[in-house]
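Structure data follow from model-v8.cif (mmCIF, C-alpha atoms):
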data_my_file
loop_
_atom_site.group_PDB
_atom_site.id
_atom_site.type_symbol
_atom_site.label_atom_id
_atom_site.label_comp_id
_atom_site.auth_asym_id
_atom_site.auth_seq_id
_atom_site.Cartn_x
_atom_site.Cartn_y
_atom_site.Cartn_z
ATOM 1 C CA MET M 1 -134.414 182.021 1.581
ATOM 2 C CA LYS M 2 -135.576 178.811 3.217
ATOM 3 C CA ASN M 3 -138.884 177.971 4.855
ATOM 4 C CA SER M 4 -138.796 175.783 7.939
ATOM 5 C CA SER M 5 -141.473 173.219 8.767
ATOM 6 C CA SER M 6 -142.791 175.613 11.406
ATOM 7 C CA GLY M 7 -143.365 178.304 8.803
ATOM 8 C CA TYR M 8 -140.453 180.488 9.881
ATOM 9 C CA ARG M 9 -138.387 181.937 7.073
ATOM 10 C CA CYS M 10 -134.596 181.765 7.069
ATOM 11 C CA TYR M 11 -132.418 184.244 5.175
ATOM 12 C CA THR M 12 -128.671 184.555 4.570
ATOM 13 C CA PHE M 13 -127.385 187.852 3.187
ATOM 14 C CA ALA M 14 -124.437 190.263 3.149
ATOM 15 C CA SER M 15 -124.931 192.654 6.034
ATOM 16 C CA ALA M 16 -123.571 195.303 8.351
ATOM 17 C CA MET M 17 -123.962 194.746 12.086
ATOM 18 C CA TYR M 18 -123.899 197.636 14.557
ATOM 19 C CA ASP M 19 -125.152 198.868 17.940
ATOM 20 C CA VAL M 20 -124.472 195.521 19.604
ATOM 21 C CA GLU M 21 -125.738 195.665 23.166
ATOM 22 C CA SER M 22 -125.823 192.784 25.621
ATOM 23 C CA GLN M 23 -128.892 192.750 27.832
ATOM 24 C CA SER M 24 -127.381 190.342 30.350
ATOM 25 C CA ASP M 25 -124.125 188.695 31.385
ATOM 26 C CA ASP M 26 -125.803 185.415 30.483
ATOM 27 C CA THR M 27 -127.016 185.447 26.853
ATOM 28 C CA ARG M 28 -128.955 182.273 27.569
ATOM 29 C CA ALA M 29 -131.197 184.329 29.817
ATOM 30 C CA ALA M 30 -131.511 187.428 27.656
ATOM 31 C CA PRO M 31 -130.492 187.938 24.037
ATOM 32 C CA THR M 32 -128.071 190.488 22.643
ATOM 33 C CA SER M 33 -129.777 193.303 20.748
ATOM 34 C CA LEU M 34 -128.244 194.693 17.563
ATOM 35 C CA GLY M 35 -128.971 196.274 14.229
ATOM 36 C CA LEU M 36 -128.591 194.672 10.813
ATOM 37 C CA SER M 37 -128.448 196.480 7.501
ATOM 38 C CA ALA M 38 -128.509 195.494 3.844
ATOM 39 C CA ALA M 39 -129.167 197.422 0.654
ATOM 40 C CA VAL M 40 -132.896 196.694 0.827
ATOM 41 C CA SER M 41 -133.487 197.844 4.413
ATOM 42 C CA ALA M 42 -132.317 197.892 8.031
ATOM 43 C CA TRP M 43 -133.812 195.872 10.867
ATOM 44 C CA PRO M 44 -133.591 195.452 14.642
ATOM 45 C CA ALA M 45 -132.388 191.978 15.587
ATOM 46 C CA VAL M 46 -131.638 189.830 18.609
ATOM 47 C CA SER M 47 -129.198 186.958 19.005
ATOM 48 C CA TRP M 48 -128.372 184.232 21.499
ATOM 49 C CA LEU M 49 -124.932 183.744 19.910
ATOM 50 C CA PRO M 50 -121.985 184.140 22.334
ATOM 51 C CA PHE M 51 -121.428 187.845 22.834
ATOM 52 C CA GLU M 52 -117.753 187.569 21.824
ATOM 53 C CA GLN M 53 -118.841 186.491 18.323
ATOM 54 C CA LEU M 54 -120.676 189.763 17.867
ATOM 55 C CA LYS M 55 -119.040 193.120 17.261
ATOM 56 C CA SER M 56 -119.528 196.340 19.168
ATOM 57 C CA GLY M 57 -117.828 199.704 19.263
ATOM 58 C CA ASP M 58 -117.637 202.657 16.908
ATOM 59 C CA ARG M 59 -117.351 200.634 13.682
ATOM 60 C CA ILE M 60 -119.819 198.418 11.891
ATOM 61 C CA ALA M 61 -119.014 194.737 11.400
ATOM 62 C CA LEU M 62 -119.269 193.404 7.860
ATOM 63 C CA GLY M 63 -120.154 189.845 6.998
ATOM 64 C CA ARG M 64 -122.924 187.407 6.151
ATOM 65 C CA ALA M 65 -125.871 187.129 8.501
ATOM 66 C CA THR M 66 -128.226 184.186 8.753
ATOM 67 C CA VAL M 67 -131.497 185.195 10.365
ATOM 68 C CA VAL M 68 -134.801 183.588 11.201
ATOM 69 C CA ASP M 69 -137.855 185.728 10.589
ATOM 70 C CA ALA M 70 -140.256 184.661 13.312
ATOM 71 C CA ARG M 71 -141.996 188.009 13.552
ATOM 72 C CA SER M 72 -145.654 187.868 14.464
ATOM 73 C CA GLU M 73 -146.500 191.431 15.386
ATOM 74 C CA GLY M 74 -145.319 193.161 12.243
ATOM 75 C CA PRO M 75 -142.087 194.623 10.785
ATOM 76 C CA GLY M 76 -141.169 196.351 14.046
ATOM 77 C CA ASP M 77 -140.418 193.029 15.718
ATOM 78 C CA PRO M 78 -136.752 191.949 15.648
ATOM 79 C CA LEU M 79 -135.232 189.291 13.443
ATOM 80 C CA VAL M 80 -133.291 186.496 15.165
ATOM 81 C CA LEU M 81 -129.626 186.283 14.179
ATOM 82 C CA VAL M 82 -128.605 182.624 14.309
ATOM 83 C CA LYS M 83 -125.254 182.790 12.488
ATOM 84 C CA TRP M 84 -122.696 185.483 11.749
ATOM 85 C CA LYS M 85 -119.714 185.014 9.448
ATOM 86 C CA PRO M 86 -117.315 187.974 9.188
ATOM 87 C CA SER M 87 -116.175 188.746 5.652
ATOM 88 C CA ASP M 88 -113.613 191.113 4.154
ATOM 89 C CA ASP M 89 -115.430 190.910 0.818
ATOM 90 C CA VAL M 90 -118.422 192.976 1.919
ATOM 91 C CA ASP M 91 -118.199 196.669 1.005
ATOM 92 C CA PRO M 92 -119.945 199.141 3.360
ATOM 93 C CA PHE M 93 -121.583 200.746 0.321
ATOM 94 C CA ASP M 94 -123.177 197.403 -0.589
ATOM 95 C CA VAL M 95 -125.099 197.263 2.683
ATOM 96 C CA ILE M 96 -126.260 200.861 3.126
ATOM 97 C CA PRO M 97 -130.029 200.857 2.552
ATOM 98 C CA LEU M 98 -130.842 202.811 -0.593
ATOM 99 C CA ALA M 99 -133.650 204.504 1.332
ATOM 100 C CA SER M 100 -131.281 205.785 4.040
ATOM 101 C CA SER M 101 -131.467 209.274 2.584
ATOM 102 C CA PRO M 102 -134.857 210.961 2.288
ATOM 103 C CA VAL M 103 -133.585 212.375 -1.023
ATOM 104 C CA VAL M 104 -134.112 209.576 -3.529
ATOM 105 C CA GLY M 105 -130.990 208.442 -5.365
ATOM 106 C CA THR M 106 -128.472 210.036 -3.015
ATOM 107 C CA VAL M 107 -127.056 206.771 -1.640
ATOM 108 C CA SER M 108 -126.554 205.207 -5.068
ATOM 109 C CA GLN M 109 -125.003 208.393 -6.481
ATOM 110 C CA VAL M 110 -122.524 208.748 -3.617
ATOM 111 C CA ARG M 111 -121.665 205.051 -3.933
ATOM 112 C CA ASP M 112 -121.102 205.434 -7.686
ATOM 113 C CA MET M 113 -118.866 208.472 -7.176
ATOM 114 C CA VAL M 114 -116.721 206.557 -4.691
ATOM 115 C CA ARG M 115 -116.445 203.637 -7.096
ATOM 116 C CA SER M 116 -115.448 206.015 -9.899
ATOM 117 C CA LEU M 117 -112.225 206.870 -8.059
ATOM 118 C CA SER M 118 -109.237 205.546 -9.992
ATOM 119 C CA SER M 119 -107.168 205.214 -6.793
ATOM 120 C CA ILE M 120 -107.574 201.912 -4.957
ATOM 121 C CA ALA M 121 -106.103 203.493 -1.824
ATOM 122 C CA LEU M 122 -108.705 206.270 -1.813
ATOM 123 C CA ARG M 123 -111.552 203.812 -2.398
ATOM 124 C CA GLN M 124 -110.305 201.828 0.595
ATOM 125 C CA PHE M 125 -110.046 205.027 2.614
ATOM 126 C CA MET M 126 -113.663 205.910 1.813
ATOM 127 C CA ALA M 127 -114.788 202.404 2.769
ATOM 128 C CA SER M 128 -113.018 202.757 6.127
ATOM 129 C CA VAL M 129 -114.708 206.122 6.754
ATOM 130 C CA PHE M 130 -118.174 204.778 5.973
ATOM 131 C CA ALA M 131 -117.500 201.785 8.215
ATOM 132 C CA LEU M 132 -117.661 204.194 11.157
ATOM 133 C CA THR M 133 -121.077 203.514 12.676
ATOM 134 C CA ASP M 134 -121.928 207.206 12.993
ATOM 135 C CA VAL M 135 -121.039 207.881 9.345
ATOM 136 C CA PHE M 136 -122.716 204.709 8.087
ATOM 137 C CA ARG M 137 -125.960 205.711 9.770
ATOM 138 C CA TRP M 138 -126.135 209.500 10.033
ATOM 139 C CA TYR M 139 -124.305 210.829 6.963
ATOM 140 C CA TRP M 140 -127.580 210.300 5.076
ATOM 141 C CA THR M 141 -129.971 212.092 7.439
ATOM 142 C CA CYS M 142 -127.837 214.807 9.020
ATOM 143 C CA PRO M 143 -128.476 218.421 7.906
ATOM 144 C CA ALA M 144 -125.662 220.415 6.324
ATOM 145 C CA SER M 145 -126.348 223.334 8.655
ATOM 146 C CA ILE M 146 -128.546 224.208 11.602
ATOM 147 C CA ALA M 147 -130.277 227.241 10.123
ATOM 148 C CA HIS M 148 -128.658 228.017 6.775
ATOM 149 C CA HIS M 149 -128.187 225.937 3.608
ATOM 150 C CA HIS M 150 -129.386 222.340 3.150
ATOM 151 C CA ARG M 151 -130.842 222.392 6.641
ATOM 152 C CA GLY M 152 -133.460 219.726 6.019
ATOM 153 C CA PRO M 153 -133.232 215.944 6.477
ATOM 154 C CA GLY M 154 -130.514 214.534 4.234
ATOM 155 C CA GLY M 155 -128.961 217.931 3.645
ATOM 156 C CA LEU M 156 -125.392 216.869 4.455
ATOM 157 C CA ALA M 157 -125.306 214.056 1.902
ATOM 158 C CA THR M 158 -127.146 216.077 -0.758
ATOM 159 C CA HIS M 159 -124.878 219.104 -0.364
ATOM 160 C CA SER M 160 -121.703 216.984 -0.276
ATOM 161 C CA LEU M 161 -122.782 215.166 -3.439
ATOM 162 C CA GLU M 162 -123.511 218.454 -5.212
ATOM 163 C CA VAL M 163 -120.067 219.768 -4.295
ATOM 164 C CA ALA M 164 -118.358 216.547 -5.405
ATOM 165 C CA VAL M 165 -120.140 216.453 -8.768
ATOM 166 C CA ALA M 166 -119.363 220.091 -9.489
ATOM 167 C CA ALA M 167 -115.730 219.878 -8.334
ATOM 168 C CA SER M 168 -115.088 216.713 -10.346
ATOM 169 C CA SER M 169 -116.295 218.482 -13.504
ATOM 170 C CA VAL M 170 -113.705 221.275 -13.382
ATOM 171 C CA HIS M 171 -111.836 221.318 -16.695
ATOM 172 C CA GLY M 172 -108.175 220.361 -16.703
ATOM 173 C CA LEU M 173 -108.023 218.163 -13.619
ATOM 174 C CA ALA M 174 -105.676 215.202 -13.860
ATOM 175 C CA PRO M 175 -107.195 211.867 -12.740
ATOM 176 C CA TRP M 176 -105.318 211.974 -9.412
ATOM 177 C CA GLN M 177 -106.538 215.525 -8.802
ATOM 178 C CA ARG M 178 -110.124 214.541 -9.568
ATOM 179 C CA ASP M 179 -109.819 211.652 -7.106
ATOM 180 C CA LEU M 180 -108.679 213.992 -4.354
ATOM 181 C CA VAL M 181 -111.330 216.661 -4.925
ATOM 182 C CA VAL M 182 -114.112 214.045 -5.044
ATOM 183 C CA THR M 183 -112.905 212.425 -1.830
ATOM 184 C CA TYR M 184 -112.475 215.736 -0.053
ATOM 185 C CA ALA M 185 -115.783 217.121 -1.348
ATOM 186 C CA LEU M 186 -117.799 214.100 -0.194
ATOM 187 C CA LEU M 187 -116.251 214.399 3.275
ATOM 188 C CA HIS M 188 -115.556 218.124 3.605
ATOM 189 C CA ASP M 189 -118.432 218.581 6.089
ATOM 190 C CA ILE M 190 -118.198 215.152 7.739
ATOM 191 C CA GLY M 191 -117.520 216.742 11.123
ATOM 192 C CA LYS M 192 -121.097 218.036 11.215
ATOM 193 C CA ILE M 193 -122.271 214.523 12.085
ATOM 194 C CA TRP M 194 -120.677 215.035 15.502
ATOM 195 C CA SER M 195 -121.281 218.804 15.721
ATOM 196 C CA TYR M 196 -125.061 219.080 16.058
ATOM 197 C CA SER M 197 -127.237 218.101 18.995
ATOM 198 C CA ASP M 198 -130.904 219.045 19.344
ATOM 199 C CA GLY M 199 -130.600 221.979 16.963
ATOM 200 C CA THR M 200 -127.480 223.476 18.540
ATOM 201 C CA LEU M 201 -123.719 223.102 18.205
ATOM 202 C CA THR M 202 -121.956 220.708 20.552
ATOM 203 C CA ASP M 203 -119.362 222.092 22.954
ATOM 204 C CA GLU M 204 -116.578 220.556 20.857
ATOM 205 C CA ALA M 205 -117.851 222.178 17.652
ATOM 206 C CA GLU M 206 -118.223 225.524 19.400
ATOM 207 C CA ARG M 207 -114.634 225.259 20.588
ATOM 208 C CA ILE M 208 -112.790 224.072 17.466
ATOM 209 C CA GLY M 209 -115.263 224.174 14.551
ATOM 210 C CA HIS M 210 -116.808 221.327 12.568
ATOM 211 C CA GLU M 211 -113.806 221.050 10.211
ATOM 212 C CA GLN M 212 -111.483 220.121 13.052
ATOM 213 C CA VAL M 213 -114.116 217.855 14.592
ATOM 214 C CA GLY M 214 -114.117 215.925 11.325
ATOM 215 C CA TYR M 215 -110.337 215.946 11.010
ATOM 216 C CA ARG M 216 -109.968 214.444 14.472
ATOM 217 C CA ARG M 217 -112.397 211.627 13.643
ATOM 218 C CA LEU M 218 -110.667 210.880 10.327
ATOM 219 C CA ALA M 219 -107.098 211.065 11.679
ATOM 220 C CA PRO M 220 -106.652 207.283 12.243
ATOM 221 C CA MET M 221 -107.853 206.497 8.715
ATOM 222 C CA LEU M 222 -105.669 209.210 7.220
ATOM 223 C CA THR M 223 -102.679 207.618 8.974
ATOM 224 C CA VAL M 224 -103.489 204.296 7.287
ATOM 225 C CA LEU M 225 -103.884 206.069 3.929
ATOM 226 C CA ARG M 226 -100.497 207.787 4.273
ATOM 227 C CA ALA M 227 -98.875 204.389 4.870
ATOM 228 C CA ALA M 228 -100.592 202.860 1.822
ATOM 229 C CA SER M 229 -100.159 205.846 -0.509
ATOM 230 C CA PRO M 230 -97.911 208.569 0.965
ATOM 231 C CA SER M 231 -98.572 211.204 -1.686
ATOM 232 C CA GLU M 232 -102.365 210.888 -1.619
ATOM 233 C CA GLY M 233 -102.393 210.553 2.148
ATOM 234 C CA GLU M 234 -100.316 213.661 2.729
ATOM 235 C CA GLN M 235 -102.344 215.760 0.306
ATOM 236 C CA LEU M 236 -105.685 214.633 1.673
ATOM 237 C CA ASP M 237 -104.470 215.134 5.234
ATOM 238 C CA ALA M 238 -103.461 218.691 4.324
ATOM 239 C CA LEU M 239 -106.897 219.346 2.817
ATOM 240 C CA PHE M 240 -108.711 218.187 5.939
ATOM 241 C CA ARG M 241 -106.245 219.899 8.283
ATOM 242 C CA GLY M 242 -107.150 223.198 6.608
ATOM 243 C CA ASP M 243 -103.874 225.135 6.739
ATOM 244 C CA TRP M 244 -104.287 225.947 3.039
ATOM 245 C CA ARG M 245 -107.163 228.317 3.858
ATOM 246 C CA LYS M 246 -104.670 230.757 5.390
ATOM 247 C CA ASN M 247 -102.097 230.705 2.582
ATOM 248 C CA CYS M 248 -102.903 230.798 -1.138
ATOM 249 C CA LYS M 249 -99.424 229.386 -1.872
ATOM 250 C CA HIS M 250 -99.981 226.280 0.245
ATOM 251 C CA PRO M 251 -99.572 223.072 -1.869
ATOM 252 C CA ALA M 252 -103.150 222.043 -1.051
ATOM 253 C CA ALA M 253 -104.672 225.449 -1.840
ATOM 254 C CA ALA M 254 -105.439 224.827 -5.518
ATOM 255 C CA LEU M 255 -107.576 221.735 -4.916
ATOM 256 C CA GLY M 256 -108.957 223.077 -1.668
ATOM 257 C CA ASN M 257 -110.155 226.254 -3.338
ATOM 258 C CA ILE M 258 -111.949 224.261 -6.033
ATOM 259 C CA VAL M 259 -113.955 222.449 -3.374
ATOM 260 C CA ARG M 260 -114.494 225.653 -1.394
ATOM 261 C CA ALA M 261 -115.832 227.450 -4.482
ATOM 262 C CA MET M 262 -118.266 224.622 -5.266
ATOM 263 C CA ASP M 263 -119.238 224.481 -1.597
ATOM 264 C CA GLN M 264 -120.168 228.143 -1.682
ATOM 265 C CA PHE M 265 -121.998 227.735 -4.994
ATOM 266 C CA SER M 266 -124.077 224.816 -3.666
ATOM 267 C CA ALA M 267 -124.984 226.759 -0.521
ATOM 268 C CA ALA M 268 -125.878 229.922 -2.441
ATOM 269 C CA THR M 269 -128.017 227.993 -4.919
ATOM 270 C CA PHE M 270 -129.934 226.367 -2.081
ATOM 271 C CA MET M 271 -130.569 229.673 -0.350
ATOM 272 C CA ARG M 272 -131.968 231.167 -3.556
ATOM 273 C CA ARG M 273 -134.472 228.375 -4.154
ATOM 274 C CA LYS M 274 -135.518 227.218 -0.700
ATOM 275 C CA LYS M 275 -137.524 228.775 2.070
ATOM 276 C CA LYS M 276 -136.815 228.213 5.748
ATOM 277 C CA THR M 277 -137.229 224.598 6.928
ATOM 278 C CA PRO M 278 -137.497 223.238 10.502
ATOM 279 C CA LEU M 279 -134.358 222.654 12.548
ATOM 280 C CA ILE M 280 -133.411 218.990 12.963
ATOM 281 C CA SER M 281 -130.761 216.805 14.539
ATOM 282 C CA CYS M 282 -128.567 214.367 12.642
ATOM 283 C CA SER M 283 -130.609 211.383 13.789
ATOM 284 C CA GLU M 284 -133.941 212.889 12.745
ATOM 285 C CA GLY M 285 -135.656 212.769 9.406
ATOM 286 C CA SER M 286 -134.798 209.261 8.252
ATOM 287 C CA HIS M 287 -137.576 206.988 7.050
ATOM 288 C CA VAL M 288 -135.362 203.915 7.485
ATOM 289 C CA ASP M 289 -136.149 201.936 10.636
ATOM 290 C CA TRP M 290 -132.625 201.876 12.068
#
Can you give me the file's structure in the form of structure tokens?
Amino acid sequence: MKNSSSGYRCYTFASAMYDVESQSDDTRAAPTSLGLSAAVSAWPAVSWLPFEQLKSGDRIALGRATVVDARSEGPGDPLVLVKWKPSDDVDPFDVIPLASSPVVGTVSQVRDMVRSLSSIALRQFMASVFALTDVFRWYWTCPASIAHHHRGPGGLATHSLEVAVAASSVHGLAPWQRDLVVTYALLHDIGKIWSYSDGTLTDEAERIGHEQVGYRRLAPMLTVLRAASPSEGEQLDALFRGDWRKNCKHPAAALGNIVRAMDQFSAATFMRRKKKTPLISCSEGSHVDW
């Protein structure tokens, strides 16, 4: 941190940038609005940098941000981004605010589970999934169901973590099998991020189900994984595709059934101990100022 002679504070930190939106064709007249995130928090920001230097689209940009904190009206005012340096060394899990989930400790536990994977290819796959803006932001606040288990804020991440921890503890798993069940368990309900809207299912989810919604979103990353590690890529693709549910002799059925059993156990445990909670949307319930 540096203090300027005017009293403004200047910070440089590893960050994720997302939701880049130009307010004008001429950034000299109106700044570009965007979001910045680091492990400590997330902030609204503005920038007069050339728009082409800033990223937009369905993926976060990772790099080092230099900002000037000239806020006068409180923490709701935006920071000013004065420099952005893209970096391949920044991990998405390093810049997810720890308070993103209303359930304390969830972010750090999911991050630690991903980093416990022995497979470099699967760790890279998980990083690419969490670099999707929707996953980066809403995985932590989305419910796991509309009106059933883990239906409160943060239910998706909490339930997925419970399933991953339980599945990874099954006796007799080889390291490569543990890697696959952890990866699949953490993402087995990922399609729900895109399946809920205002307490109801989206048209797409009604038509094909949340599993296929998730599979469609992950397909490009699974293609990259298959190229980097064919065996892991093919097995994980089969798990997400879901054909194993129809045939107990399917090669993916053994690992898939482990995750399914722990999924059912997590849901049943929740229903025994929790009373009905209000319906929410994926973007509701977060106490992080995205």
Matched chain/residue IDs from the PyMOL selection byres ((chain M and resi 242) around 12), as an MDAnalysis selection string: chainID M and resid 184 188 209:215 235:241 243:248 250:253 255:257 260
Ref. answer, residues at most 6 Å from (-128.9, 202.9, -2.2) with all atoms listed in the file, as a ChimeraX atom specification: /M:97-98,107-108
Result set of the PyMOL selection byres ((chain M and resi 223) around 12) on the coordinates above, as an NGL selection string: :M and (125 or 128 or 215-222 or 224-237)
Box along x, y and z, 5 Å on every side, all listed atoms of segment 177-190 of chain M inside: centre and edge lengths in Å to one decimal, as JSON.
{"center_x": -112.5, "center_y": 215.1, "center_z": -0.9, "size_x": 21.9, "size_y": 16.9, "size_z": 27.3}
Hits of the PyMOL selection byres ((chain M and resi 259) around 12) in this structure, as an NGL selection string: :M and (159-170 or 177-178 or 180-189 or 239-240 or 245 or 252-258 or 260-266)
Among listed residues M:Ala157, M:Trp194, M:Ala121, M:Val135, nearest Pro102 of chain M (using all atoms listed in the file): M:Ala157
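Going from atom CA of Val68 of chain M to atom CA of Gln53 of chain M covers 17.7 Å.
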Residue neighbourhood Pro92 of chain M, 8 Å, all atoms listed in the file, exclusion window fewer than 2 positions, as a PyMOL selection string: chain M and resi 16+62+90+94-96+127+130-131+136
Will you model N, CA and C atoms for segment 202-226 of chain M and pass it back as a PDB file, keeping the file's coordinate frame?
ATOM      1  N   THR M 202    -122.532 221.347  19.377  1.00  0.00           N
ATOM      2  CA  THR M 202    -121.956 220.708  20.552  1.00  0.00           C
ATOM      3  C   THR M 202    -120.847 221.597  21.121  1.00  0.00           C
ATOM      4  N   ASP M 203    -120.449 221.320  22.343  1.00  0.00           N
ATOM      5  CA  ASP M 203    -119.362 222.092  22.954  1.00  0.00           C
ATOM      6  C   ASP M 203    -118.077 221.966  22.142  1.00  0.00           C
ATOM      7  N   GLU M 204    -117.795 220.770  21.646  1.00  0.00           N
ATOM      8  CA  GLU M 204    -116.578 220.556  20.857  1.00  0.00           C
ATOM      9  C   GLU M 204    -116.604 221.390  19.586  1.00  0.00           C
ATOM     10  N   ALA M 205    -117.747 221.401  18.887  1.00  0.00           N
ATOM     11  CA  ALA M 205    -117.851 222.178  17.652  1.00  0.00           C
ATOM     12  C   ALA M 205    -117.757 223.673  17.921  1.00  0.00           C
ATOM     13  N   GLU M 206    -118.339 224.107  19.025  1.00  0.00           N
ATOM     14  CA  GLU M 206    -118.223 225.524  19.400  1.00  0.00           C
ATOM     15  C   GLU M 206    -116.769 225.895  19.630  1.00  0.00           C
ATOM     16  N   ARG M 207    -116.009 224.966  20.190  1.00  0.00           N
ATOM     17  CA  ARG M 207    -114.634 225.259  20.588  1.00  0.00           C
ATOM     18  C   ARG M 207    -113.665 225.228  19.403  1.00  0.00           C
ATOM     19  N   ILE M 208    -113.799 224.237  18.522  1.00  0.00           N
ATOM     20  CA  ILE M 208    -112.790 224.072  17.466  1.00  0.00           C
ATOM     21  C   ILE M 208    -113.348 224.135  16.046  1.00  0.00           C
ATOM     22  N   GLY M 209    -114.672 224.131  15.881  1.00  0.00           N
ATOM     23  CA  GLY M 209    -115.263 224.174  14.551  1.00  0.00           C
ATOM     24  C   GLY M 209    -115.473 222.785  13.977  1.00  0.00           C
ATOM     25  N   HIS M 210    -116.467 222.660  13.089  1.00  0.00           N
ATOM     26  CA  HIS M 210    -116.808 221.327  12.568  1.00  0.00           C
ATOM     27  C   HIS M 210    -115.704 220.734  11.696  1.00  0.00           C
ATOM     28  N   GLU M 211    -114.889 221.595  11.045  1.00  0.00           N
ATOM     29  CA  GLU M 211    -113.806 221.050  10.211  1.00  0.00           C
ATOM     30  C   GLU M 211    -112.815 220.258  11.050  1.00  0.00           C
ATOM     31  N   GLN M 212    -112.436 220.818  12.196  1.00  0.00           N
ATOM     32  CA  GLN M 212    -111.483 220.121  13.052  1.00  0.00           C
ATOM     33  C   GLN M 212    -112.121 218.935  13.771  1.00  0.00           C
ATOM     34  N   VAL M 213    -113.408 219.020  14.044  1.00  0.00           N
ATOM     35  CA  VAL M 213    -114.116 217.855  14.592  1.00  0.00           C
ATOM     36  C   VAL M 213    -113.992 216.687  13.615  1.00  0.00           C
ATOM     37  N   GLY M 214    -114.233 216.969  12.335  1.00  0.00           N
ATOM     38  CA  GLY M 214    -114.117 215.925  11.325  1.00  0.00           C
ATOM     39  C   GLY M 214    -112.697 215.420  11.161  1.00  0.00           C
ATOM     40  N   TYR M 215    -111.736 216.335  11.169  1.00  0.00           N
ATOM     41  CA  TYR M 215    -110.337 215.946  11.010  1.00  0.00           C
ATOM     42  C   TYR M 215    -109.898 215.012  12.126  1.00  0.00           C
ATOM     43  N   ARG M 216    -110.328 215.304  13.347  1.00  0.00           N
ATOM     44  CA  ARG M 216    -109.968 214.444  14.472  1.00  0.00           C
ATOM     45  C   ARG M 216    -110.543 213.039  14.300  1.00  0.00           C
ATOM     46  N   ARG M 217    -111.780 212.947  13.813  1.00  0.00           N
ATOM     47  CA  ARG M 217    -112.397 211.627  13.643  1.00  0.00           C
ATOM     48  C   ARG M 217    -111.738 210.843  12.514  1.00  0.00           C
ATOM     49  N   LEU M 218    -111.260 211.551  11.492  1.00  0.00           N
ATOM     50  CA  LEU M 218    -110.667 210.880  10.327  1.00  0.00           C
ATOM     51  C   LEU M 218    -109.178 210.599  10.501  1.00  0.00           C
ATOM     52  N   ALA M 219    -108.554 211.162  11.525  1.00  0.00           N
ATOM     53  CA  ALA M 219    -107.098 211.065  11.679  1.00  0.00           C
ATOM     54  C   ALA M 219    -106.579 209.627  11.627  1.00  0.00           C
ATOM     55  N   PRO M 220    -107.187 208.658  12.315  1.00  0.00           N
ATOM     56  CA  PRO M 220    -106.652 207.283  12.243  1.00  0.00           C
ATOM     57  C   PRO M 220    -106.691 206.711  10.831  1.00  0.00           C
ATOM     58  N   MET M 221    -107.736 207.009  10.080  1.00  0.00           N
ATOM     59  CA  MET M 221    -107.853 206.497   8.715  1.00  0.00           C
ATOM     60  C   MET M 221    -106.898 207.204   7.769  1.00  0.00           C
ATOM     61  N   LEU M 222    -106.650 208.490   8.025  1.00  0.00           N
ATOM     62  CA  LEU M 222    -105.669 209.210   7.220  1.00  0.00           C
ATOM     63  C   LEU M 222    -104.262 208.666   7.463  1.00  0.00           C
ATOM     64  N   THR M 223    -103.973 208.238   8.673  1.00  0.00           N
ATOM     65  CA  THR M 223    -102.679 207.618   8.974  1.00  0.00           C
ATOM     66  C   THR M 223    -102.495 206.346   8.165  1.00  0.00           C
ATOM     67  N   VAL M 224    -103.544 205.531   8.090  1.00  0.00           N
ATOM     68  CA  VAL M 224    -103.489 204.296   7.287  1.00  0.00           C
ATOM     69  C   VAL M 224    -103.304 204.635   5.811  1.00  0.00           C
ATOM     70  N   LEU M 225    -104.004 205.665   5.333  1.00  0.00           N
ATOM     71  CA  LEU M 225    -103.884 206.069   3.929  1.00  0.00           C
ATOM     72  C   LEU M 225    -102.470 206.536   3.619  1.00  0.00           C
ATOM     73  N   ARG M 226    -101.867 207.313   4.518  1.00  0.00           N
ATOM     74  CA  ARG M 226    -100.497 207.787   4.273  1.00  0.00           C
ATOM     75  C   ARG M 226     -99.522 206.617   4.170  1.00  0.00           C
TER      76      ARG M 226
END
